[in-house]
$ cat upload_10.txt   # compact mmCIF, C-alpha atoms
# COMPACT_ATOMS: atom_id res chain seq x y z
CA MET O 1 117.41 51.26 142.75
CA THR O 2 119.76 52.45 145.41
CA MET O 3 123.46 52.76 144.85
CA ALA O 4 126.11 52.36 147.51
CA LEU O 5 128.66 55.15 147.89
CA SER O 6 132.13 54.36 146.62
CA SER O 7 134.49 53.56 149.46
CA GLY O 8 137.52 52.88 147.30
CA PRO O 9 140.64 55.07 146.97
CA ASN O 10 139.98 58.60 145.76
CA THR O 11 143.09 59.90 144.00
CA LEU O 12 144.60 58.31 140.88
CA PHE O 13 147.89 57.70 142.71
CA ASP O 14 146.05 55.90 145.52
CA ARG O 15 144.24 53.74 143.02
CA PHE O 16 147.40 52.63 141.23
CA SER O 17 149.27 52.04 144.48
CA LYS O 18 146.46 49.90 145.88
CA LEU O 19 146.02 47.70 142.82
CA ASN O 20 146.66 44.01 143.46
CA TRP O 21 150.28 43.93 142.33
CA GLY O 22 150.57 40.25 143.17
CA ILE O 23 148.13 39.42 140.38
CA ILE O 24 149.81 41.89 138.02
CA THR O 25 153.27 40.43 138.72
CA ILE O 26 152.13 36.87 137.96
CA LEU O 27 150.45 37.95 134.73
CA CYS O 28 153.70 39.64 133.68
CA ALA O 29 155.72 36.54 134.63
CA LEU O 30 153.48 34.29 132.51
CA ALA O 31 153.75 36.67 129.55
CA PHE O 32 157.55 36.67 129.96
CA VAL O 33 157.52 32.85 129.80
CA GLY O 34 155.55 33.23 126.57
CA VAL O 35 158.18 35.57 125.10
CA LEU O 36 160.96 33.12 126.01
CA MET O 37 159.16 30.20 124.42
CA HIS O 38 158.32 32.11 121.24
CA PHE O 39 162.00 33.06 121.00
CA SER O 40 162.69 29.32 121.06
CA VAL O 41 159.94 28.63 118.53
CA SER O 42 161.58 31.23 116.26
CA SER O 43 164.95 29.42 116.60
CA GLY O 44 166.59 32.26 118.48
CA ALA O 45 165.22 35.23 116.50
CA TRP O 46 163.58 38.20 118.24
CA THR O 47 161.58 39.21 115.18
CA ASP O 48 157.94 38.30 114.62
CA MET O 49 156.49 36.08 117.37
CA PRO O 50 158.46 36.91 120.56
CA LEU O 51 158.45 40.65 119.85
CA THR O 52 154.80 40.65 118.82
CA HIS O 53 153.80 38.66 121.91
CA GLY O 54 155.65 41.00 124.25
CA LEU O 55 154.37 44.21 122.67
CA ARG O 56 150.82 42.86 122.53
CA PHE O 57 150.90 42.03 126.23
CA ALA O 58 152.42 45.40 127.16
CA GLY O 59 149.73 47.30 125.24
CA MET O 60 146.86 45.24 126.62
CA MET O 61 148.25 45.35 130.16
CA ALA O 62 148.46 49.14 130.07
CA ILE O 63 144.79 49.31 129.10
CA VAL O 64 143.91 46.83 131.87
CA LEU O 65 145.68 48.90 134.52
CA VAL O 66 143.91 52.08 133.40
CA ALA O 67 140.53 50.33 133.30
CA ALA O 68 141.07 48.80 136.73
CA ALA O 69 142.07 52.17 138.20
CA PHE O 70 139.20 54.19 136.75
CA LEU O 71 136.31 51.70 136.69
CA ASP O 72 134.79 49.97 139.70
CA ALA O 73 132.31 47.15 140.17
CA ARG O 74 129.31 49.41 139.49
CA PHE O 75 130.43 49.89 135.88
CA TRP O 76 130.80 46.17 135.22
CA LEU O 77 127.45 45.55 136.96
CA ALA O 78 125.77 48.15 134.77
CA ILE O 79 127.04 46.70 131.47
CA ALA O 80 126.55 43.02 132.40
CA TYR O 81 123.22 42.39 130.67
CA PRO O 82 123.89 44.71 127.68
CA LEU O 83 127.26 43.01 127.08
CA TYR O 84 125.70 39.55 127.25
CA ALA O 85 122.87 40.60 124.89
CA MET O 86 125.34 42.12 122.42
CA ALA O 87 127.52 38.98 122.46
CA LEU O 88 124.47 36.77 121.90
CA LEU O 89 123.28 38.89 118.96
CA LEU O 90 126.77 38.76 117.46
CA LEU O 91 126.76 34.96 117.79
CA VAL O 92 123.47 34.89 115.91
CA GLY O 93 125.11 37.18 113.35
CA VAL O 94 127.87 34.60 112.90
CA GLU O 95 125.21 32.04 112.02
CA VAL O 96 123.71 34.41 109.43
CA ALA O 97 126.74 36.10 107.89
CA GLY O 98 129.84 34.65 109.53
CA GLU O 99 133.22 34.30 107.85
CA THR O 100 134.51 30.75 107.40
CA ARG O 101 138.16 29.99 108.00
CA MET O 102 139.74 26.52 108.04
CA GLY O 103 136.32 24.88 107.98
CA ALA O 104 134.88 26.82 110.94
CA THR O 105 132.49 29.78 110.91
CA ARG O 106 133.50 31.75 114.01
CA TRP O 107 134.22 35.29 112.83
CA LEU O 108 132.29 38.38 111.81
CA ASP O 109 133.93 40.60 109.23
CA LEU O 110 133.17 44.21 110.22
CA GLY O 111 135.24 46.09 107.65
CA PRO O 112 138.71 46.63 109.13
CA LEU O 113 137.77 44.57 112.20
CA SER O 114 137.46 40.79 112.32
CA LEU O 115 135.55 39.85 115.48
CA GLN O 116 135.11 36.51 117.24
CA PRO O 117 131.93 36.96 119.31
CA SER O 118 132.47 33.79 121.34
CA GLU O 119 135.38 35.53 123.08
CA ILE O 120 133.10 38.38 124.16
CA MET O 121 130.64 35.80 125.46
CA LYS O 122 133.29 34.32 127.79
CA ILE O 123 133.19 37.62 129.69
CA GLY O 124 129.51 38.33 129.05
CA ILE O 125 128.30 35.08 130.62
CA VAL O 126 130.37 35.68 133.77
CA LEU O 127 129.08 39.22 134.29
CA ALA O 128 125.46 38.44 133.39
CA LEU O 129 125.17 35.46 135.75
CA ALA O 130 126.97 37.35 138.52
CA ARG O 131 124.45 40.18 138.17
CA TYR O 132 121.51 37.75 138.06
CA TYR O 133 122.43 36.14 141.38
CA HIS O 134 123.44 39.49 142.90
CA GLN O 135 119.89 40.79 142.41
CA LEU O 136 118.09 37.52 143.15
CA ASP O 137 116.43 36.97 146.51
CA PRO O 138 118.64 34.34 148.27
CA ARG O 139 115.51 32.38 149.21
CA LYS O 140 114.82 31.75 145.50
CA THR O 141 118.31 30.55 144.60
CA GLY O 142 117.61 26.85 144.95
CA THR O 143 114.11 26.74 143.48
CA VAL O 144 113.63 25.14 140.07
CA LEU O 145 111.76 28.16 138.63
CA TRP O 146 114.66 30.53 139.27
CA VAL O 147 117.21 28.06 137.90
CA ILE O 148 115.60 28.23 134.45
CA PRO O 149 116.79 31.77 133.46
CA PRO O 150 120.51 31.13 134.13
CA PHE O 151 120.19 27.70 132.51
CA LEU O 152 118.84 29.31 129.33
CA MET O 153 121.48 32.04 129.52
CA ILE O 154 124.14 29.33 129.39
CA VAL O 155 122.54 26.95 126.89
CA ALA O 156 121.85 29.58 124.19
CA PRO O 157 125.49 30.65 123.60
CA VAL O 158 126.82 27.11 124.13
CA ALA O 159 124.54 25.81 121.36
CA LEU O 160 125.48 28.64 119.00
CA VAL O 161 129.23 28.22 119.59
CA MET O 162 129.00 24.43 119.28
CA HIS O 163 127.40 24.86 115.87
CA GLN O 164 130.32 26.99 114.54
CA PRO O 165 131.91 24.43 115.39
CA ASP O 166 134.06 25.30 118.43
CA LEU O 167 133.87 22.56 121.02
CA GLY O 168 136.59 23.99 123.25
CA THR O 169 135.06 27.45 123.63
CA SER O 170 131.56 26.05 124.14
CA LEU O 171 132.89 23.88 126.98
CA MET O 172 134.56 26.92 128.55
CA ILE O 173 131.35 28.95 128.47
CA LEU O 174 129.45 25.99 129.95
CA PHE O 175 132.01 25.42 132.70
CA ALA O 176 132.20 29.08 133.73
CA GLY O 177 128.41 29.36 133.80
CA VAL O 178 127.93 26.22 135.88
CA CYS O 179 130.64 27.35 138.33
CA ILE O 180 128.86 30.68 138.90
CA MET O 181 125.54 28.87 139.41
CA PHE O 182 127.25 26.65 141.98
CA LEU O 183 128.85 29.61 143.76
CA GLY O 184 125.50 31.38 143.65
CA GLY O 185 123.92 28.65 145.76
CA LEU O 186 122.68 25.95 143.38
CA LEU O 187 121.39 22.93 145.31
CA TRP O 188 123.21 19.60 145.06
CA ARG O 189 120.14 17.74 143.87
CA ILE O 190 119.83 20.12 140.92
CA ILE O 191 123.54 19.69 140.20
CA ALA O 192 123.13 15.90 140.21
CA ALA O 193 120.16 16.11 137.84
CA GLY O 194 122.15 18.42 135.58
CA ALA O 195 125.07 15.97 135.54
CA ILE O 196 122.75 13.18 134.37
CA VAL O 197 121.37 15.41 131.63
CA ALA O 198 124.94 16.40 130.66
CA VAL O 199 125.96 12.76 130.20
CA GLY O 200 122.95 12.17 127.96
CA GLY O 201 123.74 15.36 126.07
CA ALA O 202 127.36 14.27 125.57
CA VAL O 203 126.22 10.96 124.07
CA PHE O 204 123.79 12.79 121.78
CA ALA O 205 126.48 15.28 120.75
CA TYR O 206 128.91 12.47 119.95
CA THR O 207 126.42 10.66 117.73
CA SER O 208 124.59 13.57 116.10
CA VAL O 209 126.32 16.95 116.64
CA LEU O 210 130.11 16.55 116.45
CA HIS O 211 131.81 16.91 113.08
CA ASP O 212 133.80 14.00 111.72
CA TYR O 213 137.20 15.43 112.69
CA GLN O 214 135.95 16.08 116.24
CA ARG O 215 134.56 12.57 116.50
CA ASP O 216 137.89 11.18 115.25
CA ARG O 217 139.73 13.01 118.05
CA VAL O 218 137.31 11.61 120.64
CA ASN O 219 137.74 8.09 119.21
CA VAL O 220 141.53 8.37 119.45
CA PHE O 221 141.23 9.66 123.02
CA LEU O 222 138.92 6.80 124.03
CA GLY O 223 141.14 4.25 122.32
CA ILE O 224 138.39 3.25 119.89
CA THR O 225 140.70 3.93 116.95
CA ASP O 226 144.47 4.27 116.58
CA ASP O 227 145.55 6.90 114.06
CA PRO O 228 149.18 7.88 114.76
CA LEU O 229 149.58 9.69 111.44
CA GLY O 230 146.21 11.41 111.48
CA ALA O 231 143.96 12.42 114.37
CA GLY O 232 146.38 10.96 116.93
CA TYR O 233 149.54 12.55 115.55
CA HIS O 234 149.51 15.72 117.69
CA VAL O 235 149.15 13.92 121.02
CA LEU O 236 151.63 11.19 120.03
CA GLN O 237 154.38 13.72 119.28
CA SER O 238 153.50 15.64 122.44
CA LYS O 239 153.84 12.51 124.59
CA ILE O 240 157.21 11.70 123.00
CA ALA O 241 158.47 15.22 123.78
CA ILE O 242 157.22 15.20 127.37
CA GLY O 243 158.30 11.62 128.04
CA SER O 244 161.86 12.27 126.90
CA ALA O 245 162.30 15.51 128.88
CA GLY O 246 163.13 14.08 132.30
CA LEU O 247 163.39 16.22 135.41
CA PHE O 248 165.41 19.10 133.95
CA GLY O 249 164.56 18.90 130.24
CA ARG O 250 166.79 18.94 127.16
CA GLY O 251 167.79 22.57 127.62
CA TYR O 252 166.61 25.91 126.25
CA LEU O 253 166.49 25.89 122.43
CA GLN O 254 167.49 22.19 122.50
CA GLY O 255 164.14 20.38 122.26
CA THR O 256 164.32 17.81 119.46
CA GLN O 257 160.60 17.33 118.84
CA SER O 258 159.95 21.07 118.74
CA GLN O 259 163.13 22.37 117.08
CA LEU O 260 162.98 19.70 114.36
CA ASP O 261 159.29 20.49 113.71
CA PHE O 262 157.89 17.10 114.70
CA LEU O 263 155.63 18.84 117.23
CA PRO O 264 152.69 20.60 115.50
CA GLU O 265 151.11 23.84 116.76
CA LYS O 266 154.06 24.31 119.10
CA HIS O 267 153.47 28.08 119.34
CA THR O 268 149.78 27.79 120.30
CA ASP O 269 147.96 24.70 121.57
CA PHE O 270 151.08 22.61 122.33
CA ILE O 271 153.37 25.24 123.80
CA PHE O 272 153.19 23.60 127.24
CA THR O 273 154.73 20.50 125.65
CA MET O 274 157.63 22.67 124.45
CA ILE O 275 158.08 24.12 127.95
CA VAL O 276 158.34 20.65 129.48
CA GLU O 277 160.63 19.33 126.73
CA GLU O 278 163.13 22.17 127.20
CA PHE O 279 162.83 22.75 130.97
CA GLY O 280 161.65 19.35 132.16
CA LEU O 281 159.18 18.40 134.85
CA LEU O 282 160.46 21.21 137.09
CA GLY O 283 159.84 23.83 134.41
CA GLY O 284 156.32 22.56 133.75
CA ALA O 285 155.62 22.47 137.50
CA LEU O 286 156.84 26.05 137.88
CA VAL O 287 154.49 27.28 135.16
CA LEU O 288 151.56 25.39 136.68
CA GLY O 289 152.55 26.85 140.05
CA LEU O 290 152.28 30.37 138.61
CA PHE O 291 148.80 29.60 137.31
CA GLY O 292 147.86 28.06 140.65
CA ALA O 293 149.04 31.17 142.52
CA LEU O 294 147.07 33.37 140.11
CA MET O 295 143.91 31.34 140.73
CA ALA O 296 144.46 31.51 144.51
CA LEU O 297 144.88 35.30 144.45
CA THR O 298 141.77 35.61 142.28
CA MET O 299 139.69 33.57 144.71
CA GLN O 300 141.11 35.68 147.53
CA VAL O 301 139.68 38.73 145.76
CA ALA O 302 136.33 36.93 145.52
CA LEU O 303 136.32 36.13 149.23
CA ARG O 304 137.19 39.70 150.24
CA ALA O 305 134.55 41.41 148.08
CA ARG O 306 131.50 42.54 150.09
CA SER O 307 129.03 42.47 147.21
CA LEU O 308 127.76 39.18 145.81
CA PHE O 309 128.34 40.50 142.30
CA GLY O 310 132.02 41.03 143.08
CA LYS O 311 132.37 37.57 144.61
CA LEU O 312 130.72 35.81 141.67
CA ALA O 313 132.42 37.85 138.94
CA ALA O 314 135.88 37.22 140.40
CA GLY O 315 135.02 33.55 140.93
CA GLY O 316 133.86 33.32 137.31
CA VAL O 317 137.17 34.72 136.05
CA ALA O 318 139.03 32.18 138.20
CA ALA O 319 136.86 29.40 136.74
CA THR O 320 137.59 30.60 133.19
CA LEU O 321 141.34 30.60 133.90
CA ALA O 322 141.13 27.13 135.46
CA CYS O 323 139.28 25.84 132.41
CA TYR O 324 141.90 27.26 130.04
CA VAL O 325 144.78 25.71 131.97
CA PHE O 326 143.17 22.34 132.69
CA ILE O 327 141.97 21.69 129.14
CA ASN O 328 145.24 22.77 127.54
CA THR O 329 147.57 20.83 129.82
CA ALA O 330 145.32 17.76 129.93
CA MET O 331 145.00 17.89 126.14
CA VAL O 332 148.75 17.76 125.46
CA ILE O 333 149.24 14.64 127.63
CA GLY O 334 146.19 12.84 126.25
CA LEU O 335 143.85 13.14 129.24
CA VAL O 336 141.19 14.92 127.16
CA PRO O 337 140.60 15.11 123.39
CA VAL O 338 142.36 17.83 121.40
CA VAL O 339 139.91 20.77 121.23
CA GLY O 340 142.16 23.71 120.34
CA ILE O 341 142.38 25.61 123.64
CA PRO O 342 145.57 27.73 124.04
CA LEU O 343 147.56 28.25 127.23
CA PRO O 344 146.61 31.81 128.26
CA MET O 345 149.32 34.50 128.41
CA ILE O 346 151.86 32.03 126.96
CA SER O 347 150.45 30.72 123.66
CA PHE O 348 150.83 33.00 120.66
CA GLY O 349 147.73 34.93 119.62
CA GLY O 350 145.85 37.86 121.04
CA THR O 351 142.40 36.33 121.47
CA ALA O 352 142.91 34.32 124.68
CA MET O 353 145.21 37.01 126.07
CA PHE O 354 142.61 39.71 125.45
CA THR O 355 139.81 37.68 127.03
CA LEU O 356 141.80 36.85 130.14
CA LEU O 357 143.15 40.38 130.62
CA VAL O 358 139.64 41.87 130.35
CA GLY O 359 138.63 39.38 133.03
CA TYR O 360 141.51 40.54 135.22
CA ALA O 361 140.62 44.19 134.66
CA ILE O 362 137.31 43.24 136.29
CA VAL O 363 139.06 41.35 139.10
CA LEU O 364 141.43 44.24 139.84
CA SER O 365 138.53 46.70 139.82
CA ILE O 366 136.54 44.55 142.23
CA ASP O 367 139.53 44.19 144.55
CA LEU O 368 140.23 47.93 144.50
CA HIS O 369 136.63 48.72 145.47
CA ARG O 370 135.94 45.58 147.50
CA ASP O 371 134.22 47.50 150.32
CA GLN O 372 131.31 48.52 148.10
CA HIS O 373 128.36 46.64 149.53
CA GLY O 374 125.11 46.15 147.70
CA ALA O 375 125.95 48.40 144.73
CA ARG O 376 123.23 48.10 142.09
CA GLY O 377 124.84 49.90 139.16
CA TRP O 378 125.21 53.31 137.57
CA LEU O 379 122.60 52.97 134.84
CA TRP O 380 119.85 51.15 136.71
$ encode --input "upload_10.txt" --output "C-alpha cells"
Amino acid sequence: MTMALSSGPNTLFDRFSKLNWGIITILCALAFVGVLMHFSVSSGAWTDMPLTHGLRFAGMMAIVLVAAAFLDARFWLAIAYPLYAMALLLLVGVEVAGETRMGATRWLDLGPLSLQPSEIMKIGIVLALARYYHQLDPRKTGTVLWVIPPFLMIVAPVALVMHQPDLGTSLMILFAGVCIMFLGGLLWRIIAAGAIVAVGGAVFAYTSVLHDYQRDRVNVFLGITDDPLGAGYHVLQSKIAIGSAGLFGRGYLQGTQSQLDFLPEKHTDFIFTMIVEEFGLLGGALVLGLFGALMALTMQVALRARSLFGKLAAGGVAATLACYVFINTAMVIGLVPVVGIPLPMISFGGTAMFTLLVGYAIVLSIDLHRDQHGARGWLW
C-alpha cells in the first residue's frame, strides 16, 4: 500500500510548540480539580490521595506529550488491528484465568502486573473501527454485508466484558463503537433496526444476563422497588448532598454528606456529588463546562484532520469522553442506574485516567499531523 509523506512539523521543538495546548490546558485543569477534591476527601491532608492523584497525572501526562510529539497517525493506524486483537485475546484470557475481586472477574494477574484488558479494549475498538472505515470503499459503507464486520468487532468484546460482569464498561465500548459506525456513514435505516434489536437485547439482559445486584440497581432506578438502605442508598445520599448545595454550595471542606461519611464512594464514582455539595450548582456547571470545551476541541481536531482515520479516531475519543461524563453525572442524580463509571481526570484511580490520556495522545498526534492525507500505515 502507498504511504503519504509526513507533512507535520520536523524538529522536536516545532512539534512541542504546535501541540494543541488548549486540550492540554483543560486536561491539566480537570486533574487540578481532582487534586482539590481529594484534598477535601482526605480532610485537609496532602498525603495519600491528593498527592498520588497529582503525581500520577504528571507522570502520565509527560508520557502523553512525548508520544504525541514523536508518533503520528501512521503509527496508530498500523497498530489498530494488532491492538484490538491483543485486547480481545486478553479478554478471553480473563474468562479462562482471570482474577476475581469483589465478586467480579476483570483482571489478569501477570506477575508484578495486574491488567484490566477491558481498558485496553476502549482504545482498541476506537482505532480498529477507525481503520476499518478508513480503508473501506465509501460506496460499501451503507450496505448490510459491510456492516457485519464492525458489528461483530463490537459485539465480541461487549459480550465478554458483560460476562465479567462490568455493565458500565461494556456500555462504553458499545457506545464508542456505534458512534464510529455512525460517523463512518451508517445509514439511518440500519441505525433504526439496530435500536430495535438493542431494546430487545436490553430486555433479555435484564431477565437473563444481569446479576442480582445489577438487577436491583435497575429496579431502584425504574421505581419498581424502594431500597433506601440497600441498592438505593448511594443515589439517595447523593441527591441529599446535591439538593442541599444551592447555587454556591456549602463551602470547600464543609460538605456535610461527604465530610461526615454519609456519601459512599465519594473519591471515585460519586466525586461529582462532592463537587456540587461544596461548590454548588456553579461549581458543577464549571466542571461540566470544562468537559464540554474538551469535547468541542476534540471534535475540532476530528474536523480538521484530512484522513478519515484521523477524523474517526478523534471522534471516537470524544465519544468515549462523552460516555464517561454522561454516565457518571447522570448516575449520581438518579437519571441512570449506578454502574460504577468514574469521572475521568477527577475521580481517584489510574485506570480511567490512563485510558483517557492514551486517547488524547492519539488526538494530539492526529492534530499535529492533520495534513497527512490517505496515510495507510508504516507496517502495511
$ atom_distance --input "upload_10.txt" --atom1 "atom CA of Leu171 of chain O" --atom2 "atom CA of Trp107 of chain O"
18.2 Å
$ atom_distance --input "upload_10.txt" --atom1 "atom CA of Val94 of chain O" --atom2 "atom CA of Asp109 of chain O"
9.3 Å
$ atom_distance --input "upload_10.txt" --atom1 "atom CA of Leu297 of chain O" --atom2 "atom CA of Ile23 of chain O"
6.6 Å
$ closest_residue --input "upload_10.txt" --among "O:Ile26, O:Gly177, O:Phe326, O:Trp146" --to "Ala296 of chain O" --atoms "only C-alpha atoms"
O:Ile26
$ residues_near_point --input "upload_10.txt" --point "(139.3, 45.9, 128.0)" --cutoff "9 Å" --atoms "all atoms listed in the file" --output "number ranges by chain"
O: 60, 63-64, 67, 354-355, 357-359, 361-362
$ write_last_selection --input "upload_10.txt" --atoms "C-alpha atoms" --output "mmCIF file, in the frame of the given file"
data_model
loop_
_atom_site.group_PDB
_atom_site.id
_atom_site.type_symbol
_atom_site.label_atom_id
_atom_site.label_comp_id
_atom_site.auth_asym_id
_atom_site.auth_seq_id
_atom_site.Cartn_x
_atom_site.Cartn_y
_atom_site.Cartn_z
ATOM 1 C CA MET O 60 146.860 45.240 126.620
ATOM 2 C CA ILE O 63 144.790 49.310 129.100
ATOM 3 C CA VAL O 64 143.910 46.830 131.870
ATOM 4 C CA ALA O 67 140.530 50.330 133.300
ATOM 5 C CA PHE O 354 142.610 39.710 125.450
ATOM 6 C CA THR O 355 139.810 37.680 127.030
ATOM 7 C CA LEU O 357 143.150 40.380 130.620
ATOM 8 C CA VAL O 358 139.640 41.870 130.350
ATOM 9 C CA GLY O 359 138.630 39.380 133.030
ATOM 10 C CA ALA O 361 140.620 44.190 134.660
ATOM 11 C CA ILE O 362 137.310 43.240 136.290
#
$ closest_residue --input "upload_10.txt" --among "O:Ala241, O:Met353, O:Ile79, O:Val35" --to "Thr47 of chain O" --atoms "only C-alpha atoms"
O:Val35
$ closest_residue --input "upload_10.txt" --among "O:Leu236, O:Pro150, O:Arg101, O:Asn20" --to "Leu174 of chain O" --atoms "all atoms listed in the file"
O:Pro150
$ residues_around --input "upload_10.txt" --residues "Pro50 of chain O" --least-positions-apart "6" --cutoff "10 Å" --atoms "all atoms listed in the file" --output "ChimeraX atom specification"
/O:32,34-42,44,56,348
$ closest_residue --input "upload_10.txt" --among "O:Ala156, O:Val235, O:Val33, O:Leu263" --to "Ala330 of chain O" --atoms "only C-alpha atoms"
O:Val235
$ residues_around --input "upload_10.txt" --residues "Pro344 of chain O" --least-positions-apart "4" --cutoff "9 Å" --atoms "all atoms listed in the file" --output "list in words"
Leu30, Ala31, Leu321, Tyr324, Val325, Phe348, Ala352, Met353 and Leu356 of chain O
$ residues_around --input "upload_10.txt" --residues "segment 276-282 of chain O" --least-positions-apart "3" --cutoff "6 Å" --atoms "only C-alpha atoms" --output "PyMOL selection string"
chain O and resi 241-242+245-252+255+273+285
$ residues_near_point --input "upload_10.txt" --point "(142.5, 27.1, 129.1)" --cutoff "12 Å" --atoms "only C-alpha atoms" --output "PDB file with C-alpha atoms, in the frame of the given file"
ATOM      1  CA  LYS O 122     133.290  34.320 127.790  1.00  0.00           C
ATOM      2  CA  GLY O 168     136.590  23.990 123.250  1.00  0.00           C
ATOM      3  CA  THR O 169     135.060  27.450 123.630  1.00  0.00           C
ATOM      4  CA  LEU O 171     132.890  23.880 126.980  1.00  0.00           C
ATOM      5  CA  MET O 172     134.560  26.920 128.550  1.00  0.00           C
ATOM      6  CA  ILE O 173     131.350  28.950 128.470  1.00  0.00           C
ATOM      7  CA  PHE O 175     132.010  25.420 132.700  1.00  0.00           C
ATOM      8  CA  ALA O 176     132.200  29.080 133.730  1.00  0.00           C
ATOM      9  CA  THR O 268     149.780  27.790 120.300  1.00  0.00           C
ATOM     10  CA  ASP O 269     147.960  24.700 121.570  1.00  0.00           C
ATOM     11  CA  PHE O 270     151.080  22.610 122.330  1.00  0.00           C
ATOM     12  CA  PHE O 272     153.190  23.600 127.240  1.00  0.00           C
ATOM     13  CA  LEU O 288     151.560  25.390 136.680  1.00  0.00           C
ATOM     14  CA  PHE O 291     148.800  29.600 137.310  1.00  0.00           C
ATOM     15  CA  VAL O 317     137.170  34.720 136.050  1.00  0.00           C
ATOM     16  CA  ALA O 318     139.030  32.180 138.200  1.00  0.00           C
ATOM     17  CA  ALA O 319     136.860  29.400 136.740  1.00  0.00           C
ATOM     18  CA  THR O 320     137.590  30.600 133.190  1.00  0.00           C
ATOM     19  CA  LEU O 321     141.340  30.600 133.900  1.00  0.00           C
ATOM     20  CA  ALA O 322     141.130  27.130 135.460  1.00  0.00           C
ATOM     21  CA  CYS O 323     139.280  25.840 132.410  1.00  0.00           C
ATOM     22  CA  TYR O 324     141.900  27.260 130.040  1.00  0.00           C
ATOM     23  CA  VAL O 325     144.780  25.710 131.970  1.00  0.00           C
ATOM     24  CA  PHE O 326     143.170  22.340 132.690  1.00  0.00           C
ATOM     25  CA  ILE O 327     141.970  21.690 129.140  1.00  0.00           C
ATOM     26  CA  ASN O 328     145.240  22.770 127.540  1.00  0.00           C
ATOM     27  CA  THR O 329     147.570  20.830 129.820  1.00  0.00           C
ATOM     28  CA  ALA O 330     145.320  17.760 129.930  1.00  0.00           C
ATOM     29  CA  MET O 331     145.000  17.890 126.140  1.00  0.00           C
ATOM     30  CA  VAL O 332     148.750  17.760 125.460  1.00  0.00           C
ATOM     31  CA  VAL O 339     139.910  20.770 121.230  1.00  0.00           C
ATOM     32  CA  GLY O 340     142.160  23.710 120.340  1.00  0.00           C
ATOM     33  CA  ILE O 341     142.380  25.610 123.640  1.00  0.00           C
ATOM     34  CA  PRO O 342     145.570  27.730 124.040  1.00  0.00           C
ATOM     35  CA  LEU O 343     147.560  28.250 127.230  1.00  0.00           C
ATOM     36  CA  PRO O 344     146.610  31.810 128.260  1.00  0.00           C
ATOM     37  CA  MET O 345     149.320  34.500 128.410  1.00  0.00           C
ATOM     38  CA  ILE O 346     151.860  32.030 126.960  1.00  0.00           C
ATOM     39  CA  SER O 347     150.450  30.720 123.660  1.00  0.00           C
ATOM     40  CA  THR O 351     142.400  36.330 121.470  1.00  0.00           C
ATOM     41  CA  ALA O 352     142.910  34.320 124.680  1.00  0.00           C
ATOM     42  CA  MET O 353     145.210  37.010 126.070  1.00  0.00           C
ATOM     43  CA  THR O 355     139.810  37.680 127.030  1.00  0.00           C
ATOM     44  CA  LEU O 356     141.800  36.850 130.140  1.00  0.00           C
TER      45      LEU O 356
END
$ closest_residue --input "upload_10.txt" --among "O:Ala45, O:Ala69, O:Ala62, O:Leu136" --to "Thr11 of chain O" --atoms "only C-alpha atoms"
O:Ala69
$ closest_residue --input "upload_10.txt" --among "O:Ser118, O:Ser43, O:Thr141, O:Gln259" --to "Leu186 of chain O" --atoms "only C-alpha atoms"
O:Thr141
$ residues_around --input "upload_10.txt" --residues "Leu65 of chain O" --least-positions-apart "5" --cutoff "9 Å" --atoms "only C-alpha atoms" --output "PDB file with C-alpha atoms, in the frame of the given file"
ATOM      1  CA  PHE O  16     147.400  52.630 141.230  1.00  0.00           C
ATOM      2  CA  LEU O  19     146.020  47.700 142.820  1.00  0.00           C
ATOM      3  CA  ILE O  24     149.810  41.890 138.020  1.00  0.00           C
ATOM      4  CA  MET O  60     146.860  45.240 126.620  1.00  0.00           C
ATOM      5  CA  PHE O  70     139.200  54.190 136.750  1.00  0.00           C
ATOM      6  CA  ALA O 361     140.620  44.190 134.660  1.00  0.00           C
ATOM      7  CA  LEU O 364     141.430  44.240 139.840  1.00  0.00           C
TER       8      LEU O 364
END
$ build_atoms --input "upload_10.txt" --residues "segment 298-308 of chain O" --atoms "N, CA and C atoms" --output "tab-separated table (two decimals), in the coordinates of the input"
chain	number	residue	atom	x	y	z
O	298	THR	N	143.07	35.22	142.83
O	298	THR	CA	141.77	35.61	142.28
O	298	THR	C	140.64	35.21	143.22
O	299	MET	N	140.71	34.01	143.77
O	299	MET	CA	139.69	33.57	144.71
O	299	MET	C	139.78	34.36	146.01
O	300	GLN	N	140.97	34.82	146.36
O	300	GLN	CA	141.11	35.68	147.53
O	300	GLN	C	140.36	37.00	147.32
O	301	VAL	N	140.44	37.53	146.11
O	301	VAL	CA	139.68	38.73	145.76
O	301	VAL	C	138.18	38.45	145.90
O	302	ALA	N	137.74	37.29	145.42
O	302	ALA	CA	136.33	36.93	145.52
O	302	ALA	C	135.87	36.85	146.97
O	303	LEU	N	136.69	36.28	147.82
O	303	LEU	CA	136.32	36.13	149.23
O	303	LEU	C	136.27	37.47	149.96
O	304	ARG	N	137.13	38.42	149.56
O	304	ARG	CA	137.19	39.70	150.24
O	304	ARG	C	136.13	40.68	149.79
O	305	ALA	N	135.56	40.47	148.60
O	305	ALA	CA	134.55	41.41	148.08
O	305	ALA	C	133.30	41.35	148.95
O	306	ARG	N	132.70	42.49	149.24
O	306	ARG	CA	131.50	42.54	150.09
O	306	ARG	C	130.23	42.29	149.28
O	307	SER	N	130.23	42.67	148.01
O	307	SER	CA	129.03	42.47	147.21
O	307	SER	C	129.03	41.08	146.58
O	308	LEU	N	127.87	40.50	146.43
O	308	LEU	CA	127.76	39.18	145.81
O	308	LEU	C	128.20	39.25	144.36
